[in-house]
Structure formats: structure tokens, C-alpha cells
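> The following file, entry_30.txt, comprises compact mmCIF, C-alpha atoms:
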```txt
# COMPACT_ATOMS: atom_id res chain seq x y z
CA MET G 1 96.14 16.01 -50.62
CA TYR G 2 95.73 18.04 -47.42
CA GLN G 3 99.40 17.61 -46.53
CA GLU G 4 100.45 19.10 -49.88
CA VAL G 5 97.94 21.98 -49.81
CA ALA G 6 99.11 22.91 -46.29
CA LYS G 7 102.66 23.39 -47.64
CA LEU G 8 101.68 26.07 -50.16
CA VAL G 9 103.37 29.40 -49.47
CA LEU G 10 102.67 31.97 -52.20
CA TYR G 11 99.42 30.42 -53.43
CA ARG G 12 97.91 29.59 -50.05
CA ASP G 13 95.35 32.44 -49.94
CA LEU G 14 92.61 30.70 -51.88
CA GLY G 15 89.51 32.13 -50.21
CA GLU G 16 87.03 30.58 -47.80
CA ASP G 17 84.96 29.01 -50.56
CA SER G 18 87.93 27.46 -52.35
CA ILE G 19 87.09 24.06 -53.82
CA LEU G 20 90.70 22.99 -53.33
CA LEU G 21 90.69 23.86 -49.62
CA LYS G 22 87.39 22.10 -49.00
CA LEU G 23 88.49 18.99 -50.88
CA SER G 24 91.70 19.06 -48.86
CA GLY G 25 89.63 19.02 -45.66
CA ILE G 26 87.55 16.12 -46.98
CA PHE G 27 90.65 14.05 -47.76
CA ARG G 28 92.09 14.83 -44.33
CA ASP G 29 88.93 13.52 -42.67
CA PHE G 30 88.97 10.50 -44.98
CA ASP G 31 92.54 9.60 -44.04
CA MET G 32 91.90 10.20 -40.33
CA GLY G 33 88.61 8.32 -40.33
CA GLU G 34 86.83 11.29 -38.76
CA SER G 35 83.69 11.26 -40.93
CA THR G 36 81.21 8.64 -41.99
CA ARG G 37 81.04 7.36 -45.55
CA GLU G 38 77.74 9.18 -46.10
CA GLU G 39 79.11 12.48 -44.79
CA LEU G 40 82.22 12.28 -46.97
CA THR G 41 80.18 11.42 -50.05
CA THR G 42 77.81 14.33 -49.47
CA ARG G 43 80.69 16.79 -48.98
CA ILE G 44 82.45 15.53 -52.10
CA TYR G 45 79.30 15.92 -54.19
CA GLU G 46 78.92 19.50 -52.94
CA GLN G 47 82.39 20.32 -54.24
CA MET G 48 81.74 18.47 -57.49
CA LYS G 49 78.73 20.70 -58.05
CA ALA G 50 80.84 23.80 -57.33
CA LEU G 51 83.48 22.58 -59.78
CA LEU G 52 80.88 21.83 -62.46
CA ASP G 53 79.31 25.27 -61.97
CA LEU G 54 82.72 26.94 -62.38
CA SER G 55 83.51 24.81 -65.40
CA THR G 56 80.20 25.67 -67.04
CA LEU G 57 80.78 29.37 -66.43
CA TYR G 58 84.15 29.23 -68.17
CA GLY G 59 83.50 26.47 -70.67
CA PHE G 60 86.16 24.08 -69.32
CA ASP G 61 86.45 20.65 -70.94
CA LYS G 62 88.37 17.35 -70.96
CA ASN G 63 90.06 17.46 -67.53
CA LEU G 64 88.11 19.77 -65.23
CA TRP G 65 90.44 19.07 -62.31
CA HIS G 66 93.46 20.25 -64.29
CA ASN G 67 91.53 23.24 -65.64
CA TYR G 68 90.56 24.24 -62.11
CA LEU G 69 94.12 24.01 -60.75
CA THR G 70 95.36 26.05 -63.72
CA PHE G 71 92.63 28.62 -63.10
CA ILE G 72 94.00 29.06 -59.57
CA LEU G 73 97.53 29.60 -60.87
CA LEU G 74 96.41 32.17 -63.43
CA THR G 75 94.13 34.16 -61.14
CA ASN G 76 95.84 34.12 -57.74
CA GLU G 77 97.27 37.57 -57.06
CA ASN G 78 100.28 37.32 -54.75
CA SER G 79 103.69 38.94 -54.42
CA PHE G 80 105.27 36.59 -56.95
CA SER G 81 102.51 36.67 -59.60
CA MET G 82 102.12 40.45 -59.40
CA THR G 83 105.87 41.01 -59.78
CA SER G 84 106.08 38.52 -62.65
CA GLU G 85 103.26 40.41 -64.38
CA LYS G 86 105.50 43.48 -64.53
CA VAL G 87 108.97 42.03 -65.17
CA GLY G 88 108.48 38.38 -66.11
CA ALA G 89 110.80 35.69 -64.75
CA ASN G 90 113.65 37.23 -62.77
CA ASP G 91 116.30 35.96 -60.40
CA GLY G 92 115.34 36.21 -56.75
CA SER G 93 114.85 34.19 -53.59
CA VAL G 94 111.07 34.23 -54.11
CA ASN G 95 111.58 31.81 -57.01
CA HIS G 96 112.51 29.13 -54.46
CA PHE G 97 109.06 29.39 -52.89
CA ALA G 98 107.34 29.68 -56.26
CA LYS G 99 108.95 26.50 -57.55
CA GLY G 100 108.05 24.77 -54.29
CA ASP G 101 104.40 25.68 -54.86
CA PHE G 102 104.58 24.56 -58.49
CA ARG G 103 106.00 21.22 -57.35
CA ILE G 104 102.91 20.84 -55.14
CA PHE G 105 100.58 21.76 -57.99
CA LYS G 106 102.27 19.17 -60.18
CA LYS G 107 101.52 16.54 -57.51
CA LEU G 108 97.92 17.76 -57.39
CA PHE G 109 97.74 17.45 -61.18
CA ASP G 110 98.86 13.83 -60.90
CA PHE G 111 96.81 13.04 -57.78
CA ASP G 112 95.39 9.50 -57.67
CA PHE G 113 91.68 9.57 -56.74
CA THR G 114 91.30 5.79 -57.06
CA PRO G 115 91.53 4.89 -53.31
CA ILE G 116 88.75 7.24 -52.19
CA GLU G 117 86.53 6.31 -55.14
CA LYS G 118 86.86 2.61 -54.35
CA LYS G 119 86.30 3.13 -50.64
CA LEU G 120 83.19 5.29 -51.13
CA ASP G 121 81.98 3.51 -54.28
CA ILE G 122 81.85 6.72 -56.33
CA ASP G 123 83.19 7.69 -59.75
CA CYS G 124 82.84 11.49 -59.80
CA PHE G 125 86.59 12.18 -59.79
CA SER G 126 87.16 9.85 -62.73
CA THR G 127 84.33 11.58 -64.58
CA ILE G 128 85.60 15.14 -64.12
CA CYS G 129 89.09 14.06 -65.20
CA HIS G 130 87.71 12.65 -68.47
CA TYR G 131 84.96 15.13 -69.15
CA LYS G 132 83.07 15.89 -72.33
CA ALA G 133 81.35 19.24 -72.09
CA ILE G 134 78.08 19.96 -73.85
CA GLY G 135 78.64 22.34 -76.75
CA LYS G 136 77.52 25.87 -75.92
CA LYS G 137 77.15 29.12 -77.77
CA GLU G 138 79.96 31.56 -77.04
CA ARG G 139 77.60 34.00 -75.34
CA MET G 140 76.87 31.39 -72.68
CA TYR G 141 80.38 31.31 -71.23
CA ASN G 142 83.58 33.31 -71.03
CA LYS G 143 85.39 31.98 -74.10
CA ASN G 144 88.41 34.24 -73.69
CA VAL G 145 89.15 32.81 -70.24
CA SER G 146 88.27 29.27 -71.30
CA GLU G 147 90.75 29.16 -74.16
CA LYS G 148 93.63 30.51 -72.12
CA VAL G 149 93.09 28.28 -69.10
CA GLN G 150 92.76 25.13 -71.19
CA ALA G 151 95.85 25.95 -73.25
CA VAL G 152 98.01 26.46 -70.15
CA SER G 153 96.46 23.40 -68.51
CA GLU G 154 97.60 21.24 -71.42
CA GLN G 155 101.10 22.70 -71.17
CA ILE G 156 101.33 21.88 -67.47
CA GLU G 157 100.09 18.33 -68.14
CA LYS G 158 103.15 17.83 -70.36
CA ALA G 159 105.58 19.59 -68.00
CA GLY G 160 108.27 17.36 -66.54
CA ASP G 161 108.96 19.27 -63.33
CA GLU G 162 108.46 22.51 -61.41
CA ASP G 163 111.12 24.33 -63.45
CA GLU G 164 109.11 23.83 -66.60
CA ILE G 165 105.91 24.91 -64.87
CA PHE G 166 107.75 27.99 -63.61
CA ARG G 167 108.58 28.94 -67.19
CA ILE G 168 105.05 28.29 -68.42
CA ILE G 169 103.40 30.35 -65.69
CA THR G 170 105.83 33.28 -65.69
CA ASP G 171 105.61 33.50 -69.49
CA PHE G 172 101.83 33.73 -69.15
CA TYR G 173 102.04 36.39 -66.42
CA LYS G 174 104.38 38.48 -68.55
CA ALA G 175 102.24 38.16 -71.69
CA TYR G 176 98.76 38.52 -70.18
CA GLY G 177 99.09 39.37 -66.50
CA VAL G 178 97.48 37.73 -63.50
CA GLY G 179 93.97 37.61 -62.10
CA MET G 180 90.88 38.99 -63.77
CA PHE G 181 92.82 41.70 -65.61
CA GLY G 182 95.01 39.04 -67.18
CA LEU G 183 92.15 36.88 -68.41
CA ASN G 184 89.49 39.43 -69.36
CA LYS G 185 89.30 42.29 -71.84
CA ALA G 186 86.61 44.50 -70.41
CA PHE G 187 84.94 45.27 -67.10
CA ARG G 188 82.07 47.05 -65.43
CA ILE G 189 82.17 48.23 -61.84
CA LYS G 190 80.01 47.74 -58.79
CA SER G 191 80.11 50.40 -56.10
CA LEU G 192 80.92 49.16 -52.60
CA PRO G 193 80.98 51.01 -49.27
CA ASP G 194 84.78 50.83 -49.20
CA GLY G 195 85.61 51.09 -52.91
CA VAL G 196 84.63 49.34 -56.12
CA GLU G 197 84.46 45.79 -57.43
CA PHE G 198 85.42 44.98 -61.03
CA LEU G 199 82.98 42.71 -62.86
CA PRO G 200 84.33 41.05 -66.04
CA ILE G 201 82.26 41.42 -69.18
CA ASN G 202 82.21 37.83 -70.39
CA ASN G 203 81.53 38.31 -74.08
CA THR G 204 82.56 41.49 -75.82
CA GLU G 205 81.73 42.13 -79.46
CA LYS G 206 84.33 40.72 -81.84
CA VAL G 207 84.16 43.72 -84.14
CA MET G 208 87.42 44.91 -85.71
CA LEU G 209 88.19 48.29 -87.23
CA LYS G 210 88.05 46.87 -90.75
CA ASP G 211 84.42 45.94 -90.07
CA LEU G 212 83.52 49.64 -89.80
CA VAL G 213 83.08 50.84 -93.39
CA GLY G 214 84.29 54.36 -94.11
CA TYR G 215 85.46 56.94 -91.53
CA GLU G 216 89.08 56.20 -92.39
CA LEU G 217 90.44 59.54 -91.12
CA GLN G 218 88.56 59.15 -87.85
CA LYS G 219 89.80 55.60 -87.34
CA LYS G 220 93.40 56.62 -88.07
CA LYS G 221 93.23 59.38 -85.48
CA LEU G 222 91.95 56.92 -82.90
CA ILE G 223 94.53 54.29 -83.88
CA ASP G 224 97.45 56.73 -83.67
CA ASN G 225 96.47 57.85 -80.19
CA THR G 226 95.88 54.29 -78.94
CA GLU G 227 99.13 52.96 -80.39
CA ALA G 228 101.06 55.69 -78.63
CA PHE G 229 99.25 54.80 -75.40
CA VAL G 230 99.97 51.05 -75.49
CA LYS G 231 103.63 51.79 -76.31
CA GLY G 232 103.94 53.95 -73.21
CA LEU G 233 104.23 57.20 -75.15
CA PRO G 234 102.28 60.38 -74.37
CA ALA G 235 98.63 60.07 -75.43
CA ASN G 236 95.41 61.99 -74.97
CA ASN G 237 91.91 61.40 -73.67
CA VAL G 238 89.55 61.06 -76.63
CA LEU G 239 86.03 62.31 -77.28
CA LEU G 240 84.16 60.84 -80.25
CA PHE G 241 81.14 62.98 -81.03
CA GLY G 242 78.56 63.19 -83.78
CA ASP G 243 75.35 61.74 -85.12
CA SER G 244 73.93 58.53 -83.68
CA GLY G 245 74.57 55.30 -85.55
CA THR G 246 77.79 56.50 -87.16
CA GLY G 247 80.16 54.03 -85.47
CA LYS G 248 81.53 55.88 -82.45
CA SER G 249 80.95 53.07 -79.96
CA THR G 250 81.87 50.44 -82.53
CA SER G 251 85.24 52.13 -83.07
CA ILE G 252 86.10 51.99 -79.38
CA LYS G 253 85.03 48.34 -79.06
CA ALA G 254 87.16 47.54 -82.12
CA ILE G 255 90.15 49.32 -80.59
CA LEU G 256 89.93 47.03 -77.56
CA ASN G 257 89.96 43.93 -79.78
CA GLU G 258 92.85 45.27 -81.87
CA TYR G 259 95.12 46.05 -78.90
CA TYR G 260 94.06 43.59 -76.19
CA ASP G 261 97.09 41.40 -76.83
CA GLN G 262 99.30 44.46 -76.29
CA GLY G 263 97.99 44.97 -72.77
CA LEU G 264 94.96 47.18 -73.41
CA ARG G 265 91.98 46.73 -71.09
CA MET G 266 88.70 48.63 -70.92
CA ILE G 267 86.48 49.64 -68.00
CA GLU G 268 82.97 50.80 -68.87
CA ILE G 269 81.36 53.18 -66.40
CA TYR G 270 78.10 55.09 -66.32
CA LYS G 271 77.35 58.65 -65.36
CA HIS G 272 76.06 57.82 -61.89
CA GLN G 273 79.38 56.08 -61.15
CA PHE G 274 81.62 59.10 -61.80
CA GLN G 275 82.02 59.62 -58.08
CA ASP G 276 83.87 56.27 -58.05
CA LEU G 277 86.47 57.36 -60.61
CA SER G 278 89.15 58.02 -57.99
CA ALA G 279 88.59 54.60 -56.42
CA ILE G 280 88.80 52.93 -59.84
CA ILE G 281 92.04 54.65 -60.73
CA SER G 282 93.63 53.87 -57.35
CA GLN G 283 93.11 50.14 -58.00
CA ILE G 284 94.51 50.08 -61.54
CA LYS G 285 97.29 52.65 -61.51
CA ASN G 286 100.02 50.20 -60.48
CA ARG G 287 99.00 47.34 -62.77
CA ASN G 288 100.98 46.38 -65.85
CA TYR G 289 98.18 47.19 -68.29
CA ARG G 290 96.92 50.17 -70.23
CA PHE G 291 93.38 50.99 -69.15
CA VAL G 292 90.80 52.89 -71.17
CA ILE G 293 87.92 54.11 -69.03
CA TYR G 294 85.03 54.04 -71.50
CA MET G 295 81.99 56.31 -71.23
CA ASP G 296 79.33 55.71 -73.84
CA ASP G 297 76.73 58.29 -74.87
CA LEU G 298 78.11 60.90 -72.50
CA SER G 299 75.90 63.93 -71.96
CA PHE G 300 74.67 66.07 -69.10
CA GLU G 301 71.54 68.06 -68.59
CA GLU G 302 71.76 71.57 -67.20
CA PHE G 303 70.93 70.47 -63.65
CA GLU G 304 73.38 67.53 -63.52
CA ILE G 305 76.71 68.08 -61.77
CA GLU G 306 78.41 64.69 -62.24
CA TYR G 307 80.63 66.30 -64.88
CA LYS G 308 82.56 67.98 -62.05
CA TYR G 309 83.89 64.57 -60.92
CA LEU G 310 85.02 63.87 -64.47
CA LYS G 311 86.75 67.23 -64.84
CA ALA G 312 88.69 66.72 -61.63
CA VAL G 313 89.92 63.27 -62.66
CA ILE G 314 90.87 64.20 -66.21
CA GLU G 315 92.86 67.22 -65.19
CA GLY G 316 92.80 69.55 -62.27
CA GLY G 317 92.77 67.38 -59.17
CA MET G 318 95.63 67.22 -56.69
CA GLU G 319 96.63 63.69 -57.77
CA THR G 320 98.10 63.32 -61.25
CA LYS G 321 96.25 60.89 -63.49
CA PRO G 322 98.51 57.83 -63.94
CA ASP G 323 100.20 57.19 -67.29
CA ASN G 324 98.41 53.86 -67.76
CA VAL G 325 94.90 55.35 -67.75
CA LEU G 326 93.02 57.24 -70.47
CA ILE G 327 89.38 58.21 -70.88
CA TYR G 328 87.56 57.50 -74.16
CA ALA G 329 84.03 58.85 -74.41
CA THR G 330 81.32 59.03 -77.06
CA SER G 331 78.62 61.66 -77.25
CA ASN G 332 75.95 62.86 -79.64
CA ARG G 333 76.65 66.37 -78.41
CA ARG G 334 79.76 68.29 -79.40
CA HIS G 335 79.86 70.09 -76.05
CA ILE G 336 78.52 67.17 -73.95
CA ILE G 337 76.68 69.46 -71.54
CA ARG G 338 73.41 70.97 -72.68
CA GLU G 339 73.59 74.70 -73.18
CA THR G 340 70.70 77.12 -72.86
CA TRP G 341 70.24 80.66 -74.12
CA GLY G 342 70.53 81.69 -70.50
CA ASP G 343 74.05 80.27 -70.39
CA ARG G 344 75.03 82.46 -73.34
CA SER G 345 73.68 85.68 -71.85
CA ASP G 346 76.15 87.85 -69.99
CA VAL G 347 73.50 89.40 -67.81
CA GLU G 348 74.45 89.37 -64.15
CA GLN G 349 72.34 87.07 -62.01
CA ASP G 350 71.00 87.82 -58.55
CA ASN G 351 73.78 85.86 -56.89
CA GLY G 352 76.49 87.93 -58.55
CA MET G 353 77.66 85.24 -61.02
CA HIS G 354 77.94 85.86 -64.74
CA ARG G 355 76.14 83.27 -66.83
CA SER G 356 79.03 83.27 -69.26
CA ASP G 357 81.18 81.97 -66.42
CA THR G 358 78.77 79.06 -66.04
CA MET G 359 78.98 78.31 -69.75
CA GLN G 360 82.80 78.43 -69.68
CA GLU G 361 82.85 75.99 -66.77
CA LYS G 362 80.76 73.55 -68.78
CA LEU G 363 82.74 73.95 -72.00
CA SER G 364 86.01 73.42 -70.15
CA LEU G 365 85.13 69.71 -69.81
CA VAL G 366 85.40 69.21 -73.58
CA ALA G 367 88.71 71.07 -73.61
CA ARG G 368 90.17 68.43 -71.31
CA PHE G 369 89.83 65.80 -74.02
CA GLY G 370 93.04 66.27 -75.97
CA VAL G 371 91.65 64.54 -79.06
CA THR G 372 88.15 65.16 -80.40
CA ILE G 373 86.94 63.14 -83.40
CA SER G 374 83.82 63.99 -85.38
CA TYR G 375 81.60 61.22 -86.78
CA SER G 376 79.11 62.94 -89.05
CA LYS G 377 76.09 61.43 -90.77
CA PRO G 378 77.04 59.94 -94.16
CA SER G 379 75.78 61.45 -97.39
CA GLN G 380 73.35 59.48 -99.58
CA LYS G 381 76.26 58.39 -101.76
CA GLU G 382 78.32 57.30 -98.73
CA TYR G 383 75.30 55.46 -97.32
CA PHE G 384 74.96 53.44 -100.53
CA GLN G 385 78.72 52.70 -100.48
CA ILE G 386 78.42 51.36 -96.92
CA VAL G 387 75.44 49.19 -97.90
CA GLU G 388 77.27 47.79 -100.92
CA GLU G 389 80.41 47.04 -98.93
CA LEU G 390 78.45 45.29 -96.17
CA ALA G 391 76.48 43.28 -98.76
CA LYS G 392 79.76 41.84 -100.11
CA ARG G 393 80.19 40.02 -96.79
CA TYR G 394 77.04 38.02 -97.49
CA PRO G 395 77.45 36.05 -100.74
CA GLU G 396 73.84 34.92 -100.45
CA ILE G 397 72.69 38.52 -101.12
CA THR G 398 72.46 38.54 -104.93
CA LEU G 399 70.66 41.82 -105.63
CA SER G 400 72.11 44.00 -108.36
CA GLN G 401 73.63 47.34 -107.37
CA GLN G 402 70.55 49.17 -108.62
CA GLU G 403 68.18 46.87 -106.74
CA LEU G 404 70.30 47.05 -103.59
CA ARG G 405 70.31 50.84 -103.64
CA ALA G 406 66.59 51.05 -104.27
CA GLU G 407 65.81 48.73 -101.36
CA ALA G 408 68.32 50.51 -99.10
CA ASN G 409 66.65 53.82 -99.89
CA LYS G 410 63.23 52.44 -98.95
CA TRP G 411 64.66 51.02 -95.73
CA GLU G 412 66.26 54.24 -94.50
CA LEU G 413 63.12 56.27 -95.21
CA SER G 414 61.16 54.14 -92.75
CA HIS G 415 63.91 53.18 -90.29
CA GLY G 416 65.45 56.29 -88.81
CA GLY G 417 67.28 57.90 -91.69
CA ILE G 418 70.77 57.59 -93.14
CA SER G 419 73.52 56.15 -90.91
CA GLY G 420 75.97 53.30 -90.74
CA ARG G 421 73.72 51.60 -88.19
CA THR G 422 70.75 51.82 -90.56
CA ALA G 423 72.88 50.27 -93.32
CA GLN G 424 73.89 47.36 -91.07
CA GLN G 425 70.30 46.81 -89.97
CA PHE G 426 69.19 46.74 -93.60
CA ILE G 427 71.83 44.15 -94.50
CA ASN G 428 70.86 42.07 -91.45
CA TYR G 429 67.27 42.20 -92.69
CA LEU G 430 68.25 41.03 -96.18
CA ALA G 431 70.52 38.24 -94.92
CA GLY G 432 67.80 37.04 -92.54
CA ARG G 433 65.28 36.67 -95.35
CA ILE G 434 67.42 34.51 -97.65
CA ASP G 435 65.82 31.21 -96.58
CA THR G 436 62.30 32.54 -96.17
```
Represent the structure of the file as C-alpha cells.

Amino acid sequence: MYQEVAKLVLYRDLGEDSILLKLSGIFRDFDMGESTREELTTRIYEQMKALLDLSTLYGFDKNLWHNYLTFILLTNENSFSMTSEKVGANDGSVNHFAKGDFRIFKKLFDFDFTPIEKKLDIDCFSTICHYKAIGKKERMYNKNVSEKVQAVSEQIEKAGDEDEIFRIITDFYKAYGVGMFGLNKAFRIKSLPDGVEFLPINNTEKVMLKDLVGYELQKKKLIDNTEAFVKGLPANNVLLFGDSGTGKSTSIKAILNEYYDQGLRMIEIYKHQFQDLSAIISQIKNRNYRFVIYMDDLSFEEFEIEYKYLKAVIEGGMETKPDNVLIYATSNRRHIIRETWGDRSDVEQDNGMHRSDTMQEKLSLVARFGVTISYSKPSQKEYFQIVEELAKRYPEITLSQQELRAEANKWELSHGGISGRTAQQFINYLAGRIDT
């Protein structure tokens, strides 16, 4: 194994903690007779634990060894994989090295662990190659990554040679990309001294736009802008504002699910992270995806100045915002930044500034969102329509229309008033009481 791993060219940067590199070192010592049986067994078990931990995280199954090798191929960012992400398979000398690496990975796929297992009297390699994972709820692992890795792993298992693996991998890079952006839909960020780290959000809500009852005009406006964006056409930053519980955040989550397979990705950031916006954009501007930077429940108090970072990034800074980045934000406030009567007064302050100038500076942030969409509280009639439509999705709810409306009215009076969220909570309550 170690002789093959040492020949890798494009995929050789695997990281210090790479299971493959450490197993390679173990097999080298085994062949050279440089470690005792006990030492080799202990080192192997350490890497088996690491492999099992990774497999549990991503829900791998059947052949964990093959899944792991495929995971490397799909996540290793190198000159070949990054170029293939943008243009797919293309003629070039780099293909010679890529196919050489794929030939090595094919040998690793077919590697015979029998000699070391017999010598050390262990069976861990046989077990991971014929594995039956314990069934888990989706929220316990990254299902999106799991499904893709296992599907490609099965394709490589059937591949006859490196040319076929080349086609399989480059097709994947072109369709989904490489690395964490290729395998995940959404991300949060962690601030670092020298930049930011992207943290995948393992399980995003599966909500689709059709699941949001009503607000058809609002959804169409959001769809039109997003479709233009994913097609590479001019599009605008979007602000969704209005009453709480009306579906603003749900609409944006649904947009991600609708357009993920067209290259849309989402990065959720919080107000205290706005100073990292430039670092975020610098890392994603040259990737072959369309990124929505998502800011939920955006608002600023009078004393907060983080909005200045946002204004500079949206429009006004020296560096032009890249074409593959938009900002989608939700807010309960139409103007995002809290206004006071003092802001509206045009009386000159002691420092010589007009308060109206201050107000204009704050309002200019909203003006930098090219599309603003209002989500207003539904009327009583619309609230009942939402309840009735949601109830249809639960056949076990058998209340008549009159009974349903009467109960829905009681619910909203004691649970925060009329909204789409209140309607969904009421239906959840009814559905949860069916068997009680």
C-alpha cells in the first residue's frame, strides 16, 4: 500500500491526520518488519476507530474502505479537481497525472488485506469492507454527503480502469463541485485570526416553496431573482421584511433546496460576523457556485455600527462584489435600523452634524437591497385558508371545516396571534394528539 500511496501526484496532500497516510505507514512497517505485532495491531485499531468515527458522521455503509477512498476523491481540492469543477473533463497534460492517481486508487479499492489479517490474527479490515451500519435518524448524520459518496463509491467499484474512473469523477466535479462546497448545501463560519473557516450545516430543513401556503406574489418575486442569479444573469440582493411567523426565513430555506442542484449554496452569518464579510467573499468569489449570504432577523439598534460593514460590501467599497455572490436577508423591520424621533429632527447638534444626515445614512442600507419583499400578517380569512390547506397534509385530521376553524381561532388567541407559524403550530398540535 505504501508504495502506491507514495506515487500519488495530484491527490497526495491528504493532511497530517489522514487515515490513508497512517495506514500506509503501518503497512510499510509491516512489510519491513520494523514494528512488533502488538504495536502494529494497536496502530491499526487506532485508524479503524478514526474510520468508524468518520463513517458514523457521514452515515457510510456496506464497504467503509471504498466509501473513505471515494470521500478523498470528492473532497480533495487540487489543481485538477478545482479546474474540473469549472470546466469538466478537458484535454490537457494534467489528465495524465490524474489518470495515474486514479489507477492507484483503483488498486487501493481492490487491495487485499488478507495477509496482514492472517499474520496479526485480526479481522477488522474484513469487517469494514462488509459493514452493516446501525440505522440512524437523518439528523444524526450528514445524509446529503452520505448519499453522494456511496453512489460514486458503487460506480468506482464497477469501473474497469482509470479511464472510467476519470469520467465518473470529472462528471461529479462538473455537476456538484469538489470539497465541502460540492457536498454540502449550507454553511456557517468560524472566525480565525487569519480569515474564516466554513462549517457545513449537516441537516438543513427539507422545506420546499410549495410547502409555504399563500404568499404567491412574494414567492414569485424571490424565484425570479434567484433563477436569474443561478443562470448567471444580473440579479439583486434581497430583503424580506414583515411580521414574524409569516414565512420569510422558510422562503429562503426553500429557495436553497429548490436550486441546490443548479449550483446554489448558502452561507449563514450573524451580525457580529459582519466584519468577516470581506474574508468570506475572498474565499468564494472564484468558485463555480452561486452563493447566497443569508442574514436572518437582521436589525440594528441605534448604537450598533455593524451595518457599516454590510453597506460597504453590498455596494460602495473599492472592490466590486463578485457576480457569484448575493445577500438575502430577513427582518421584522422595514428599515432594519431602529429610528428615533431624534433621527427625524433636523435640529443641528453640538458637533455640527444634522440628524437628518444620520437618518439618511441608516436608510441607505435598505436602498442597497435591489429587491424588497413584504410579508404581511395574514387576515383572519387567510389564516383559516392556511390552516385548512395544512390540515389536508394530515389525513388523520378529520375535523370538519367549521370545527377546524373554531379550534384554530381558539389556538391563535392564546398562542401569539394570527400568522403562518401559528397555523403550522396548531396543525402540529392536532396531528400530535391523534393517538392520545
> Find the distance between CA of Leu413 (chain G) and CA of Ser244 (chain G) and write it in Å to one decimal.
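About the pair CA of Leu413 (chain G) and CA of Ser244 (chain G): they are 16.0 Å apart.
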> Dump as a tab-separated table the rows for residues of region 142-213 of chain G within 6 Å of region 267-287 of chain G: closest atom pair and distance in Å with one decimal, only C-alpha atoms counted, ordered by chain and rising residue number.

```
residue	atom	partner	partner_atom	distance
G:Ala186	CA	G:Ile267	CA	5.7
G:Phe187	CA	G:Ile267	CA	4.7
G:Arg188	CA	G:Glu268	CA	5.2
G:Gly195	CA	G:Ala279	CA	5.8
```
> Residues near Gln3 (chain G), anyone? I mean within 9 Å using only C-alpha atoms, not counting same-chain ones fewer than 3 positions away, as a PDB file with C-alpha atoms, keeping the file's coordinate frame.

```pdb
ATOM      1  CA  ALA G   6      99.110  22.910 -46.290  1.00  0.00           C
ATOM      2  CA  LYS G   7     102.660  23.390 -47.640  1.00  0.00           C
ATOM      3  CA  SER G  24      91.700  19.060 -48.860  1.00  0.00           C
ATOM      4  CA  ARG G  28      92.090  14.830 -44.330  1.00  0.00           C
TER       5      ARG G  28
END
```
> Between CA of Asp243 (chain G) and CA of Lys410 (chain G), measure the distance and give it in Å to one decimal.
20.6 Å
> I'd like the neighbourhood of region 424-428 of chain G as a ChimeraX atom specification, where a residue qualifies if any of its atoms comes within 12 Å (using only C-alpha atoms), though same-chain residues fewer than 5 positions away should be ignored.
/G:211-213,245-247,383-399,404-419,433-434
> G:Gly59, G:Gly25, G:Gly370, G:Gly15: which is nearest Asn236 (chain G), counting all atoms listed in the file?
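Residue with the minimum atom-to-atom distance to Asn236 (chain G): G:Gly370.
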> What does the structure give for the distance between CA of Lys106 (chain G) and CA of Tyr45 (chain G), in Å to one decimal?
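Taking CA of Lys106 (chain G) and CA of Tyr45 (chain G), their separation equals 24.0 Å.
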